[in-house]
Amino acid sequence: MSIPAVPSEAVIGAPGTPRRYLHALWLLSGRDLKVRYATSWLGYLWSVLDPLVMSAIYWFVFTMVFHRTVGVEPYIVFLITALLSWVWFNSAVTDFTRAFNKDAKLVRSTAIPRSIWVNRIVLSKGIEFLFALPVLALFAVFGGAHVGWGLMLFPVGVLLQTILLVGLGLLVAPLCVLFTDLERTTRLILRALFYASPVIYGVADLPGVFADLMAFNPLAGIFTLYRVGFFADDWAVLWDPFAVIVSAVMCLLFLGLGILVFRRLERPLLKEL
């Protein structure tokens, strides 16, 4: 399969020009999406099949097999609001591990900041996340979710997750070039993190100290922002201001740490490539 070429004049140019950077970022993200769906007749539907299948499985297990004591009704909406976000997070972090090795020659030859190879992943996966939102809306309508004013917090969740992913990408991507074993380690961490994040359960379902500790998982606050708008009647159960505030602080800390580490490792990274 041939990969759509990115015009060199759009990529190679004045590194300090924000307009050129954004244009190149859009072209590279668009290329990623075209490559992903080039040979698929289902197109963007693949971006929602994974969370839909996962949601169906967990819904069946926790409603048909076991007596569910976590989450709120409608449980399928409770699941999908977090699963769509998790798919964006998981797929982006997975791609970070090979962000530079995949296009090593182009990374070395470009004059724009190398952070674009991280940001293109965040953007392309974020677009897939946005493409999947109509599915969430359909489940909310037909599942009987009670939408409230908290839906206005949904974009805040998107913003925080974007900040978190950019920070993690600036950390993970260069480290995986310098330490190749980190790619497999990252995959193992992601598997454990799925169950250590309030995807199939909520923060309120955890007892005492565990609920406080969960607040230090930045995904906990992000999931809260996504969910509260679809469960107006359960606002008091789902809304956790402590988790949201801690999540916002941690997202900014990850971004700052990522920028610092990336600046320190950029030169060794280019030598390794």
# chains A, B, ... in the order shown; residues from 1 in each chain; ligands from 1

$ closest_atom_pairs --of "region 110-198 of chain A" --to "region 203-221 of chain A" --cutoff "10 Å" --atoms "only C-alpha atoms" --output "tab-separated table"
residue	atom	partner	partner_atom	distance
A:Gly157	CA	A:Gly221	CA	8.1
A:Leu160	CA	A:Pro218	CA	8.9
A:Gln161	CA	A:Leu219	CA	7.8
A:Leu164	CA	A:Pro218	CA	8.0
A:Leu193	CA	A:Asn217	CA	9.2
A:Phe194	CA	A:Leu219	CA	10.0
A:Ala196	CA	A:Met214	CA	8.0
A:Ser197	CA	A:Ala220	CA	6.4
A:Pro198	CA	A:Ala220	CA	6.0

$ select_by_dssp --residues "region 58-183 of chain A" --states "alpha helix (DSSP H)" --output "VMD selection string"
chain A and resid 58 to 60 75 to 96 104 to 109 116 to 143 154 to 178 182 to 183

$ closest_atom_pairs --of "region 197-249 of chain A" --to "region 118-138 of chain A" --cutoff "12 Å" --atoms "only C-alpha atoms" --output "CSV"
residue,atom,partner,partner_atom,distance
A:Tyr226,CA,A:Leu136,CA,11.0
A:Arg227,CA,A:Leu136,CA,11.0
A:Gly229,CA,A:Ala137,CA,11.5
A:Phe230,CA,A:Ala137,CA,9.4

$ write_last_selection --atoms "N, CA and C atoms" --output "tab-separated table (two decimals), in the first residue's frame"
chain	number	residue	atom	x	y	z
A	226	TYR	N	-16.29	13.73	31.25
A	226	TYR	CA	-17.03	13.17	30.13
A	226	TYR	C	-18.40	12.65	30.57
A	227	ARG	N	-18.49	12.11	31.76
A	227	ARG	CA	-19.70	11.39	32.17
A	227	ARG	C	-20.80	12.26	32.75
A	229	GLY	N	-22.25	14.96	32.19
A	229	GLY	CA	-23.27	15.55	31.34
A	229	GLY	C	-24.35	14.59	30.89
A	230	PHE	N	-24.07	13.28	30.95
A	230	PHE	CA	-25.03	12.28	30.49
A	230	PHE	C	-25.84	11.67	31.64

$ closest_residue --among "A:Met64, A:Leu28, A:Ile200, A:Val244" --to "Ile116 (chain A)" --atoms "only C-alpha atoms"
A:Leu28

$ closest_residue --among "A:Ala140, A:Met250, A:Leu45, A:Val166" --to "Phe96 (chain A)" --atoms "only C-alpha atoms"
A:Val166

$ closest_atom_pairs --of "region 127-217 of chain A" --to "region 56-62 of chain A" --cutoff "12 Å" --atoms "only C-alpha atoms" --output "tab-separated table"
residue	atom	partner	partner_atom	distance
A:Phe139	CA	A:Ala56	CA	11.9
A:Val199	CA	A:Tyr58	CA	10.3
A:Ile200	CA	A:Tyr58	CA	7.5
A:Tyr201	CA	A:Phe62	CA	10.5

$ closest_residue --among "A:Ala104, A:Leu165, A:Val72, A:Leu83" --to "Ala232 (chain A)" --atoms "only C-alpha atoms"
A:Val72

$ atom_distance --atom1 "CA of Asn90 (chain A)" --atom2 "CA of Ile163 (chain A)"
14.8 Å

$ residues_around --residues "Ala173 (chain A)" --least-positions-apart "4" --cutoff "12 Å" --atoms "only C-alpha atoms" --output "count of residues only"
37

$ closest_residue --among "A:Leu270, A:Ala82, A:Leu171, A:Leu238" --to "Phe254 (chain A)" --atoms "only C-alpha atoms"
A:Leu171

$ closest_residue --among "A:Leu79, A:Ile112, A:Ala192, A:Leu252" --to "Pro51 (chain A)" --atoms "only C-alpha atoms"
A:Leu79

$ closest_residue --among "A:Tyr75, A:Arg191, A:Glu272, A:Val147" --to "Val107 (chain A)" --atoms "only C-alpha atoms"
A:Glu272
